[in-house]
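*Asks:* Supplied in structure tokens, the structure appears directly below.
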Amino acid sequence: MANEIEVNEKLNLQLRKCGLSPKTFFISTLKDHIIQKKLIDIFKKEDIKLIITTTSFSSSQIKNNDLIENSTNIFTSLKIPILQLLSSNRSRKEWLNSSIGMNSSDLLMQIIIPEFDGRITTSPSAFKEIISKKNTLYSEITSYKADQVGIQWISKFATNYVKLQKLNNFDKRICLVISNYPVKNGRIGNGVGLNTPSSIINILNWLKEEGYDLGSCNYPKDSSELMSMLIKTRTNDIESQNNKPLDYLPLSEYLKYWNYLELDPKNIIVNRWGKPSDAIDLDNNGFSINGIKFGKITLLIQPQRGYDAFTDRDIHSPDLPPPHRYLAQYFWIEKVFNANAICHIGKHGTVEWLPGKSIGLSNKCFPNIICPAIPNIYPFIVNDPGEGSQAKRRTAATIIDHLTPPLDRSELYGKYSILENYLDEYFEAKLLNSSRIEIIERSIFELIKNDFSEITLKNKNNQIEEIDSFLCKIKESQIRTGLHVFGNRQNDINEINLFLCIARVPNANRIGVIQYIAKHLKLDLNPWTNQYDQILSEKDKKILLTFSNNNILNFRMAIDFLEQQAKYLIYLFFYKKNTNIKNLEKYKNQKIIDYFFNEKKHNEYFLLLKKEILYPIINSSYNEKLSFINSLSGQYVKSGPSGAPTRGKTEALPTGKNFFSVDSRGLPTESAWSVGCQSASQILDLYKQDNGDDLKNIAISVWATSTMRNGGEDICQILYLLGVQPIWDGPSRRVVDLEIIPLSVLERPRVDVTLRISGMFRDAFPQLVNLTFKAINLVSDLNEDDKFNPLAEASRAGDSINRIFGSAPGSYGAGLQELISNSNWENIDDFGESFLNWSKWIYSDNLDPLEDKKSLENALKNVQLVVHNQDNKEHDILDSDDYYQFQGGLSSAVKKLSGKLPEMYHGDLSKFGLSKISKLQDEINKVVISRILNPKWINGMKDNGYKGAFEFSATIDYLYAFDASTEVVSDWCYEEVYNSWLCDLDLRNFFLENNPWALRDIAQRFLEIVNRKMWKNCSSDVIENLKNIIINTDSIIEKNEF
Amino acid sequence: MHRILNIAGNEKNKDDLIEQPAADFIFITSVKADLNLISNLLLEKEFDSLKNNIRALEISNLNSSAQIDNYLLKTINYAKVVVLRIFGDKGTWNYGIEQLLNWQAVNKKRKLVILSGTIDQEISLCEISSIDKNIALNISRLLRSGGLVNYRKFLNCLNYLVVDEKLIPDEFLNITFYADPYLYDWKNEKGEKIGIISYKSLFWLMKLK
């Protein structure tokens, strides 16, 4: 007879060994409110401190991937941490041998869905083993067997949580960790959208208020002081190696902990980095611990990942083990500093991305070895559920999500404003049928010829309208205009801008605010659009003339007017009572005020905005602080949905939650299918328009994060290109099968699609990998004419039809970042080779991937087009290293294999139902104009000191990286960026005062761009100036004048 | 190439087809612990007649339409009663349920009993059973309430289902209720208290022991 409660018994035994008192509750279900109520009563009466649950699914009510607020829910009522003990449906042996770890049903039932409750994912502690095969049921009889390693880990984790609850704040030792890559002094404190140093200052202040021990010396009062203090000590940068580190972990101490590790990971490390005593990062005193300390609070810089000490072997090694110092610093945190909690600040560090099983890690997986079994608190941007989930699932982190940075319309500036004025004049003259039309027209074309190499006019007719549409597209682009500080409200104007960005987007409950105004003014135009060449009707012109003092003659002017009025109304409704913003007062329009503000009927709509947007934004800052403080008291952090608020996901607000991702059973959704079909059709149309032929071969990269946000639009795009349609089940609307769309319905050839899935996608969506694999097989088996089905043609010819590729099991990335960071490349083929090496694993419906570079080469050699989609505009393609790595990686690989760069398109899926496909070069140009050169962004970054300067440095790196791997960046981009950033004295002084390393990095990068002839027509003056900047900045850095 | 297995459960290849020897009763469940419990109950003398006449398997062995079709053809087609116990709504195993409904529709003498593992789907699932809805609900609750006594009653119901579910004596439909939550291993001891929450289904086997 099996003893099915062995796990409970062993867990209880181990908890008792840790001095805790386990109280076991066997229940039928957690969904039942009566049972929940009984549990709540007992838990409260008994003063239970923490919950460990082995139950699957969640106790919360979920509808359409959103939590239905329920104050009586057991976990929200109890406010104590809940640890999810993982029980694998596989045997221990199968799990150990698997690179994936937990299988897809465990992932769903024990991780993804329990996360809806705010449960903290821990380690596998039970495995299902076969206890009988010979029985009359003709079924294997299995039973859960406890895993002592997992039981010990979760018991230790629980003990540390309880300890955190019991300790006085003054006695708590908290370790804050900030990441640093590339390992340069100008790039400390990665945190997407986050002013990390200022957030650290906030955290230090909160800790002080709460009675934590910050020592007798004064801790830094602002971010400049903090970064100056930090960089004067030893950092990861080679330049700082003569500075004193915070501490050392002597080799003898290190060996004590090292010796406890399993043999396999030790061998992996030794094979690459040598024995601990031979480690290249070992000093005479031991391994340096880099950071600063204030009383019992330590701020550490996460150690370098190891790619900086590159060899060719490392560059091509997606599963490079962390170097000894990496381990040493985390050993120090746990064993020497005795941290009670660790806080990784900002998206994202590297520990959760270290090699190991995808989900359900073992003690041979590096994240598990390195990240100690203590509470891990992780402030993380709300719009990135994918990467946040990685931290939750691989390092038992509790996310505290934070607001996006302030966002705004780009609008126009400088020469673009001048051009706009000319256009306005032109349209005015045209209205009056003035003789000046031709003169103005000539001036416009002269201006375009001399100053706007970025504008290429495609149509012979309507060129003025084309210029107008170009400006409108730039003007309407959504950009970041600052950074978020954890726990802070934005200033009023930034908050109003963000409010408007969210309110502009229609959702299930309401139309967008611009649409609302347009609708009530009875305008014909559609303001929620990607069509910037709409003709403004005479009726609209007349209506607008009654409200505006100026003539509104085209779509761009109309949108401008509506945007200004929407902003003013938001200001008037919600802010004006307490503040007076001059810049907004200029938009005051009494007729609009009378119509919308003074008319009671519109109050309902604006009240809706207040409830849906204003309160949640305001509460976000408060919740971020409160959740952070509570988490350091070992309390439960409430869960909630994640997503991009400006993509209509207002449920993701307020922030300050332990966000969850998405119930993958519902993917792809039917709405994603409509977007997938639409965007795929646009790809096909644009390709045909550009090339005259039907598209036959395409490569697409797919990420988990966007899939979590958009319900699987990229996968649907792929399915439609293949000519396969999902079948949704009746009541639950889950995909149950696929069906071939006949060629007669498609009315075009099928497309042979190669996917490069991200590591995170592989981990989070095994069922979508299966679905796509099935679709590819279905299409390759079809008996259709070669010219209508290139995949079947390849299959019949005996070629490999493997089309789903990803990085090595247990590893992540695409392999370009390391080449870029170290400038370790000669030509574009180097990127192609690296990408091929990092992407050569075939994924299918089989759990274990196969390494097969030949198949990848075979799939990519015929690729005509490479596409990557972007599902929201809270960032852009020059904000992150991922875009160039995947699109640049695929494109350069195609170039290496075929000798020719493919076409490259960018899919803008940020407006639901309004996809827009454009050439990658056009998208880059748009980002350069709308953000990088835009004073709104530049000034926004200037307001953010060190981290603002960091953002400039990162941006130029990504622009350079895109060019290096795709060759689509034009000279004018470099020239304009150089002039705007490095020839502006104010901006240079800003860099020198706040982050001289960033200035030097930017100048060095420009010099490299010039030397590599990526900026072809660069003058010698520029080169001289760049050299001077580098020399001068170097001297300031050497003198420690910062 | 599919492997054909006559013992369900080997998950090395999830495309494997299952073909168990024919039997009057088939029990398909989402809960692996059900199999453990039933296989142990069948060792009791009381169930000698049932012992070689019931096959069972976990629903995860029937993932794909191919697996479902094959199992239906090779095993279910010879059965008189199929009991399906699932967690979640009908969509959780939509194709399988549709095929079972078709199987039953072909021959009205066949009995299909669909039970829910959770309270929220109880009515919607039980009512698509081919037997009296209230009796299906009752059996569903027997298994949800769990425990040796209730599972024994469930096994006792099976032979009646072949003939007419209305003939099932009340004693087999009376649910024995257990505390829910059921407190286990509570000791008077020092230390901060940690609540451990687990499913009762795991616990019943120990009670059986």
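Following the order of the structure tokens, first chain is A, next is B, and so on, with residues numbered from 1 inside each chain and ligands from 1 in the order they appear.
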Write out as a ChimeraX atom specification each polymer residue whose atoms come within 9 Å of Lys275 of chain A, counting only C-alpha atoms; drop sequence neighbours fewer than 4 positions from it.

*Replies:* /A:266,269-271,279,324

*Asks:* Which residues of chain B sit at most 7 Å from chain A, using only C-alpha atoms? Give each one's shortest atom pair and distance in Å (one decimal place), in chain and ascending residue order, as a Markdown table.

*Replies:*
| residue | atom | partner | partner_atom | distance |
| --- | --- | --- | --- | --- |
| B:Asn6 | CA | A:Tyr138 | CA | 6.8 |
| B:Ile7 | CA | A:Tyr138 | CA | 4.8 |
| B:Ala8 | CA | A:Ser139 | CA | 4.5 |
| B:Gly9 | CA | A:Glu140 | CA | 5.2 |
| B:Gln20 | CA | A:Tyr138 | CA | 6.4 |
| B:Leu35 | CA | A:Ile141 | CA | 6.4 |
| B:Asn36 | CA | A:Ile141 | CA | 5.6 |
| B:Ser39 | CA | A:Leu137 | CA | 6.8 |
| B:Lys51 | CA | A:Thr136 | CA | 6.4 |
| B:Asn52 | CA | A:Thr136 | CA | 5.6 |
| B:Ile54 | CA | A:Leu137 | CA | 6.0 |
| B:Arg55 | CA | A:Leu137 | CA | 4.2 |
| B:Ala56 | CA | A:Leu137 | CA | 5.2 |
| B:Leu57 | CA | A:Ser139 | CA | 5.6 |
| B:Gly91 | CA | A:Ser732 | CA | 5.3 |
| B:Arg144 | CA | A:Ser28 | CA | 6.9 |
| B:Asp180 | CA | A:Ile27 | CA | 5.4 |
| B:Pro181 | CA | A:Ile27 | CA | 4.6 |
| B:Tyr182 | CA | A:Phe26 | CA | 4.9 |
| B:Leu183 | CA | A:Phe25 | CA | 4.8 |
| B:Tyr184 | CA | A:Thr24 | CA | 5.1 |
| B:Asp185 | CA | A:Thr24 | CA | 6.2 |
| B:Trp186 | CA | A:Lys23 | CA | 5.3 |
| B:Glu189 | CA | A:Ser21 | CA | 6.4 |
| B:Lys190 | CA | A:Ser21 | CA | 6.5 |
| B:Gly191 | CA | A:Leu20 | CA | 4.4 |
| B:Glu192 | CA | A:Leu20 | CA | 5.1 |
| B:Lys193 | CA | A:Ser21 | CA | 4.6 |
| B:Ile194 | CA | A:Pro22 | CA | 4.7 |
| B:Gly195 | CA | A:Ile51 | CA | 4.6 |
| B:Ile196 | CA | A:Thr24 | CA | 4.5 |
| B:Ile197 | CA | A:Thr53 | CA | 4.6 |
| B:Ser198 | CA | A:Phe26 | CA | 5.0 |
| B:Tyr199 | CA | A:Ile27 | CA | 5.1 |
| B:Lys200 | CA | A:Phe26 | CA | 4.7 |
| B:Leu202 | CA | A:Glu4 | CA | 5.2 |
| B:Phe203 | CA | A:Ile5 | CA | 6.1 |
| B:Leu205 | CA | A:Glu4 | CA | 6.3 |
| B:Met206 | CA | A:Asn3 | CA | 5.7 |
| B:Lys209 | CA | A:Met1 | CA | 6.8 |

*Asks:* May I have the residues from that selection written out with C-alpha atoms, as a PDB file, in the first residue's frame?

*Replies:*
ATOM      1  CA  ASN B   6      -1.596  -2.124 -22.718  1.00  0.00           C
ATOM      2  CA  ILE B   7      -0.622  -0.592 -19.401  1.00  0.00           C
ATOM      3  CA  ALA B   8      -1.510   3.061 -19.177  1.00  0.00           C
ATOM      4  CA  GLY B   9       0.844   5.480 -17.578  1.00  0.00           C
ATOM      5  CA  GLN B  20      -6.243  -2.171 -22.323  1.00  0.00           C
ATOM      6  CA  LEU B  35      -6.095   4.758  -9.258  1.00  0.00           C
ATOM      7  CA  ASN B  36      -4.020   3.984  -6.227  1.00  0.00           C
ATOM      8  CA  SER B  39      -6.488  -0.652  -7.061  1.00  0.00           C
ATOM      9  CA  LYS B  51     -11.480  -7.116  -9.840  1.00  0.00           C
ATOM     10  CA  ASN B  52     -10.880  -8.321 -13.389  1.00  0.00           C
ATOM     11  CA  ILE B  54     -12.602  -2.770 -14.454  1.00  0.00           C
ATOM     12  CA  ARG B  55      -9.894  -0.843 -16.237  1.00  0.00           C
ATOM     13  CA  ALA B  56      -8.705   2.561 -15.263  1.00  0.00           C
ATOM     14  CA  LEU B  57      -6.368   5.204 -16.492  1.00  0.00           C
ATOM     15  CA  GLY B  91     -13.424  22.178 -22.336  1.00  0.00           C
ATOM     16  CA  ARG B 144     -15.225  14.356  -3.862  1.00  0.00           C
ATOM     17  CA  ASP B 180     -12.945  19.587   5.433  1.00  0.00           C
ATOM     18  CA  PRO B 181     -10.363  20.838   6.252  1.00  0.00           C
ATOM     19  CA  TYR B 182      -9.134  17.744   8.030  1.00  0.00           C
ATOM     20  CA  LEU B 183      -6.438  18.587  10.558  1.00  0.00           C
ATOM     21  CA  TYR B 184      -3.485  16.258  10.648  1.00  0.00           C
ATOM     22  CA  ASP B 185      -0.285  15.931  12.661  1.00  0.00           C
ATOM     23  CA  TRP B 186      -1.006  18.802  14.998  1.00  0.00           C
ATOM     24  CA  GLU B 189       5.065  22.060  20.405  1.00  0.00           C
ATOM     25  CA  LYS B 190       7.226  25.135  20.406  1.00  0.00           C
ATOM     26  CA  GLY B 191       7.995  27.103  17.308  1.00  0.00           C
ATOM     27  CA  GLU B 192       6.203  29.422  14.961  1.00  0.00           C
ATOM     28  CA  LYS B 193       3.274  27.734  13.257  1.00  0.00           C
ATOM     29  CA  ILE B 194       3.406  26.886   9.598  1.00  0.00           C
ATOM     30  CA  GLY B 195       0.214  25.893   7.814  1.00  0.00           C
ATOM     31  CA  ILE B 196       0.561  23.067   5.325  1.00  0.00           C
ATOM     32  CA  ILE B 197      -2.305  22.703   2.866  1.00  0.00           C
ATOM     33  CA  SER B 198      -2.633  19.478   0.872  1.00  0.00           C
ATOM     34  CA  TYR B 199      -5.336  17.589  -0.926  1.00  0.00           C
ATOM     35  CA  LYS B 200      -7.443  15.126   1.002  1.00  0.00           C
ATOM     36  CA  LEU B 202      -3.546  12.047  -0.750  1.00  0.00           C
ATOM     37  CA  PHE B 203      -4.609  11.461   2.790  1.00  0.00           C
ATOM     38  CA  LEU B 205      -4.653   6.125   1.392  1.00  0.00           C
ATOM     39  CA  MET B 206      -3.008   6.487   4.720  1.00  0.00           C
ATOM     40  CA  LYS B 209      -3.605   1.650   5.586  1.00  0.00           C
TER      41      LYS B 209
END

*Asks:* Any idea what the distance is between atom CA of Asn159 of chain B and atom CA of Ser49 of chain B?

*Replies:*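 According to the coordinates, atom CA of Asn159 of chain B and atom CA of Ser49 of chain B are separated by 9.5 Å.
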
*Asks:* Segment 119-124 of chain B: which residues within 9 Å, counting only C-alpha atoms, same-chain residues fewer than 2 positions away excluded, as a PyMOL selection string?

*Replies:* (chain A and resi 29+31-32) or (chain B and resi 87-90+115-117+126-128+133+137+140-141+144)

*Asks:* Those residues with C-alpha atoms, as a PDB file, in the first residue's frame please?

*Replies:*
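part_7.pdb was written with the following content:
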ATOM      1  CA  THR A  29     -10.459  22.087  -2.760  1.00  0.00           C
ATOM      2  CA  LYS A  31     -11.972  26.945  -4.619  1.00  0.00           C
ATOM      3  CA  ASP A  32     -14.717  26.385  -2.077  1.00  0.00           C
TER       4      ASP A  32
ATOM      5  CA  PHE B  87     -11.257  18.699 -12.882  1.00  0.00           C
ATOM      6  CA  GLY B  88     -12.269  21.831 -14.719  1.00  0.00           C
ATOM      7  CA  ASP B  89     -15.001  22.393 -17.254  1.00  0.00           C
ATOM      8  CA  LYS B  90     -16.037  20.374 -20.269  1.00  0.00           C
ATOM      9  CA  LEU B 115     -18.275  13.408 -12.634  1.00  0.00           C
ATOM     10  CA  SER B 116     -16.672  16.628 -11.500  1.00  0.00           C
ATOM     11  CA  GLY B 117     -13.690  16.899  -9.208  1.00  0.00           C
ATOM     12  CA  CYS B 126     -23.108  15.546 -14.241  1.00  0.00           C
ATOM     13  CA  GLU B 127     -26.066  16.580 -16.342  1.00  0.00           C
ATOM     14  CA  ILE B 128     -24.449  15.370 -19.545  1.00  0.00           C
ATOM     15  CA  LYS B 133     -28.482  13.556 -13.135  1.00  0.00           C
ATOM     16  CA  LEU B 137     -24.310  14.175  -8.728  1.00  0.00           C
ATOM     17  CA  SER B 140     -19.628  12.784  -7.909  1.00  0.00           C
ATOM     18  CA  ARG B 141     -19.997  13.923  -4.305  1.00  0.00           C
ATOM     19  CA  ARG B 144     -15.225  14.356  -3.862  1.00  0.00           C
TER      20      ARG B 144
END

*Asks:* Which of segment 159-190 of chain A end up as strand (DSSP E or B) when DSSP is run on this backbone - answer as a list in words?

*Replies:*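 DSSP on the backbone gives strand (DSSP E or B) at Ile174, Cys175, Leu176, Val177, Ile178, Ser179, Asn180, Ile188, Gly189 and Asn190 of chain A.
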
*Asks:* Please write the residues from the selection above to a file, keeping C-alpha atoms, as a short mmCIF file (atom, residue, chain, number, x, y, z; two decimals), in the first residue's frame.

*Replies:*
data_model
loop_
_atom_site.label_atom_id
_atom_site.label_comp_id
_atom_site.auth_asym_id
_atom_site.auth_seq_id
_atom_site.Cartn_x
_atom_site.Cartn_y
_atom_site.Cartn_z
CA ILE A 174 19.09 43.59 3.96
CA CYS A 175 21.10 43.21 0.79
CA LEU A 176 20.17 45.36 -2.21
CA VAL A 177 21.61 44.19 -5.52
CA ILE A 178 21.86 46.24 -8.67
CA SER A 179 22.88 44.79 -11.98
CA ASN A 180 25.65 45.96 -14.25
CA ILE A 188 25.60 50.40 -13.22
CA GLY A 189 22.04 49.86 -12.09
CA ASN A 190 20.21 48.44 -15.10
#

*Asks:* Would you list the contacts of Asn589 of chain A as a list in words, taking every protein, DNA or RNA residue within 8 Å and counting only C-alpha atoms, but skipping same-chain residues closer than 3 positions in sequence?

*Replies:*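 Close residues of Asn589 of chain A: Phe547, Ser548, Gln565, Ile592 and Ile593 of chain A.
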
*Asks:* Among segment 640-730 of chain A, which ones does DSSP place in alpha helix (DSSP H), written as a PyMOL selection string?

*Replies:* chain A and resi 670-691+704-710+713-722

*Asks:* Could you write out that same residue set with N, CA and C atoms as a short mmCIF file (atom, residue, chain, number, x, y, z; two decimals), in the first residue's frame?

*Replies:*
data_model
loop_
_atom_site.label_atom_id
_atom_site.label_comp_id
_atom_site.auth_asym_id
_atom_site.auth_seq_id
_atom_site.Cartn_x
_atom_site.Cartn_y
_atom_site.Cartn_z
N GLU A 670 -8.84 34.11 -29.71
CA GLU A 670 -9.48 34.42 -30.99
C GLU A 670 -9.17 35.86 -31.43
N SER A 671 -9.04 36.76 -30.45
CA SER A 671 -8.73 38.13 -30.85
C SER A 671 -7.30 38.20 -31.38
N ALA A 672 -6.41 37.36 -30.81
CA ALA A 672 -5.04 37.33 -31.33
C ALA A 672 -5.04 36.81 -32.77
N TRP A 673 -5.96 35.90 -33.04
CA TRP A 673 -6.05 35.36 -34.40
C TRP A 673 -6.41 36.47 -35.40
N SER A 674 -7.33 37.34 -35.00
CA SER A 674 -7.72 38.40 -35.94
C SER A 674 -6.53 39.33 -36.20
N VAL A 675 -5.74 39.62 -35.14
CA VAL A 675 -4.56 40.48 -35.34
C VAL A 675 -3.51 39.73 -36.17
N GLY A 676 -3.34 38.44 -35.87
CA GLY A 676 -2.36 37.64 -36.61
C GLY A 676 -2.67 37.61 -38.09
N CYS A 677 -3.94 37.40 -38.43
CA CYS A 677 -4.32 37.35 -39.85
C CYS A 677 -4.09 38.70 -40.52
N GLN A 678 -4.52 39.73 -39.80
CA GLN A 678 -4.40 41.08 -40.38
C GLN A 678 -2.93 41.42 -40.64
N SER A 679 -2.10 41.19 -39.62
CA SER A 679 -0.69 41.59 -39.77
C SER A 679 0.02 40.69 -40.78
N ALA A 680 -0.35 39.41 -40.84
CA ALA A 680 0.28 38.52 -41.82
C ALA A 680 -0.08 38.97 -43.23
N SER A 681 -1.33 39.37 -43.41
CA SER A 681 -1.74 39.85 -44.74
C SER A 681 -0.96 41.09 -45.13
N GLN A 682 -0.73 41.95 -44.14
CA GLN A 682 0.04 43.17 -44.43
C GLN A 682 1.48 42.84 -44.82
N ILE A 683 2.03 41.84 -44.13
CA ILE A 683 3.41 41.42 -44.47
C ILE A 683 3.44 40.95 -45.92
N LEU A 684 2.46 40.11 -46.28
CA LEU A 684 2.43 39.56 -47.63
C LEU A 684 2.25 40.67 -48.68
N ASP A 685 1.37 41.61 -48.35
CA ASP A 685 1.12 42.70 -49.30
C ASP A 685 2.36 43.56 -49.48
N LEU A 686 2.99 43.92 -48.35
CA LEU A 686 4.15 44.81 -48.44
C LEU A 686 5.29 44.11 -49.20
N TYR A 687 5.45 42.82 -48.93
CA TYR A 687 6.52 42.09 -49.60
C TYR A 687 6.26 42.08 -51.11
N LYS A 688 5.04 41.81 -51.47
CA LYS A 688 4.70 41.73 -52.90
C LYS A 688 4.86 43.10 -53.57
N GLN A 689 4.45 44.10 -52.84
CA GLN A 689 4.57 45.47 -53.36
C GLN A 689 6.04 45.82 -53.58
N ASP A 690 6.90 45.40 -52.64
CA ASP A 690 8.33 45.73 -52.74
C ASP A 690 9.06 44.87 -53.76
N ASN A 691 8.63 43.61 -53.89
CA ASN A 691 9.43 42.67 -54.67
C ASN A 691 8.73 42.12 -55.91
N ALA A 704 8.27 35.38 -25.25
CA ALA A 704 7.24 35.02 -24.27
C ALA A 704 6.51 36.25 -23.74
N THR A 705 7.27 37.30 -23.44
CA THR A 705 6.66 38.46 -22.80
C THR A 705 5.55 39.03 -23.65
N SER A 706 5.82 39.21 -24.96
CA SER A 706 4.77 39.79 -25.79
C SER A 706 3.62 38.81 -25.92
N THR A 707 3.91 37.52 -25.95
CA THR A 707 2.84 36.53 -26.04
C THR A 707 1.95 36.60 -24.81
N MET A 708 2.57 36.82 -23.65
CA MET A 708 1.77 36.95 -22.42
C MET A 708 0.87 38.19 -22.49
N ARG A 709 1.37 39.23 -23.16
CA ARG A 709 0.59 40.47 -23.21
C ARG A 709 -0.48 40.43 -24.29
N ASN A 710 -0.18 39.73 -25.42
CA ASN A 710 -1.09 39.89 -26.55
C ASN A 710 -1.89 38.65 -26.90
N GLU A 713 -0.43 36.75 -30.58
CA GLU A 713 -0.61 37.33 -31.92
C GLU A 713 0.49 36.86 -32.88
N ASP A 714 1.72 36.76 -32.39
CA ASP A 714 2.81 36.34 -33.28
C ASP A 714 2.59 34.91 -33.77
N ILE A 715 2.15 34.05 -32.87
CA ILE A 715 1.91 32.66 -33.25
C ILE A 715 0.78 32.60 -34.28
N CYS A 716 -0.24 33.43 -34.07
CA CYS A 716 -1.34 33.45 -35.04
C CYS A 716 -0.87 33.98 -36.40
N GLN A 717 0.00 34.96 -36.35
CA GLN A 717 0.57 35.49 -37.60
C GLN A 717 1.27 34.35 -38.36
N ILE A 718 2.04 33.57 -37.61
CA ILE A 718 2.77 32.45 -38.20
C ILE A 718 1.80 31.41 -38.77
N LEU A 719 0.78 31.09 -38.00
CA LEU A 719 -0.19 30.08 -38.45
C LEU A 719 -0.87 30.55 -39.74
N TYR A 720 -1.22 31.82 -39.77
CA TYR A 720 -1.91 32.32 -40.97
C TYR A 720 -0.98 32.31 -42.18
N LEU A 721 0.30 32.66 -41.94
CA LEU A 721 1.25 32.61 -43.05
C LEU A 721 1.37 31.18 -43.59
N LEU A 722 1.33 30.22 -42.68
CA LEU A 722 1.40 28.82 -43.09
C LEU A 722 0.09 28.38 -43.77
#

*Asks:* Which residues of segment 252-300 of chain A come within 8 Å of segment 328-346 of chain A, and for each one, what is the closest pair of atoms and their distance in Å to one decimal, counting only C-alpha atoms, sorted by chain and residue number, as CSV?

*Replies:*
residue,atom,partner,partner_atom,distance
A:Tyr254,CA,A:Ala328,CA,6.3
A:Tyr257,CA,A:Phe331,CA,7.3
A:Phe287,CA,A:Ala328,CA,6.5
A:Ser288,CA,A:Gln329,CA,7.6
A:Ile289,CA,A:Gln329,CA,5.7

*Asks:* Keeping only N, CA and C atoms, write the selected residues as a PDB file, in the first residue's frame.

*Replies:*
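Listing of selection-v9.pdb after writing:
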ATOM      1  N   TYR A 254      35.638  30.565   0.852  1.00  0.00           N
ATOM      2  CA  TYR A 254      34.957  30.191  -0.390  1.00  0.00           C
ATOM      3  C   TYR A 254      34.941  28.676  -0.549  1.00  0.00           C
ATOM      4  N   TYR A 257      32.256  26.658   1.246  1.00  0.00           N
ATOM      5  CA  TYR A 257      30.929  26.617   0.610  1.00  0.00           C
ATOM      6  C   TYR A 257      30.999  25.860  -0.712  1.00  0.00           C
ATOM      7  N   PHE A 287      38.129  36.762  -2.981  1.00  0.00           N
ATOM      8  CA  PHE A 287      37.264  37.304  -4.029  1.00  0.00           C
ATOM      9  C   PHE A 287      36.667  38.622  -3.539  1.00  0.00           C
ATOM     10  N   SER A 288      36.760  39.642  -4.384  1.00  0.00           N
ATOM     11  CA  SER A 288      36.257  40.946  -3.924  1.00  0.00           C
ATOM     12  C   SER A 288      34.734  40.957  -3.888  1.00  0.00           C
ATOM     13  N   ILE A 289      34.232  41.671  -2.917  1.00  0.00           N
ATOM     14  CA  ILE A 289      32.783  41.885  -2.794  1.00  0.00           C
ATOM     15  C   ILE A 289      32.575  43.358  -3.097  1.00  0.00           C
TER      16      ILE A 289
END

*Asks:* If we count only C-alpha atoms, what is near Thr176 of chain B at a cut-off of 9 Å, once residues fewer than 3 positions away on the same chain are taken out, given as a ChimeraX atom specification?

*Replies:* /B:142,145-147,149-150

*Asks:* Please provide as a PyMOL selection string all residues within 12 Å of Ile629 of chain A, with the sequence filter that same-chain residues fewer than 5 positions apart are discarded (counting only C-alpha atoms).

*Replies:* chain A and resi 164-165+169+174+202-212+341+343+377+379+400+487+622-624+634-637+656

*Asks:* Return the single residue from B:Asn174, B:Ser201, B:Asn63, B:Ser129 that is closest to Arg110 of chain B, with distances computed using only C-alpha atoms.

*Replies:* B:Ser129
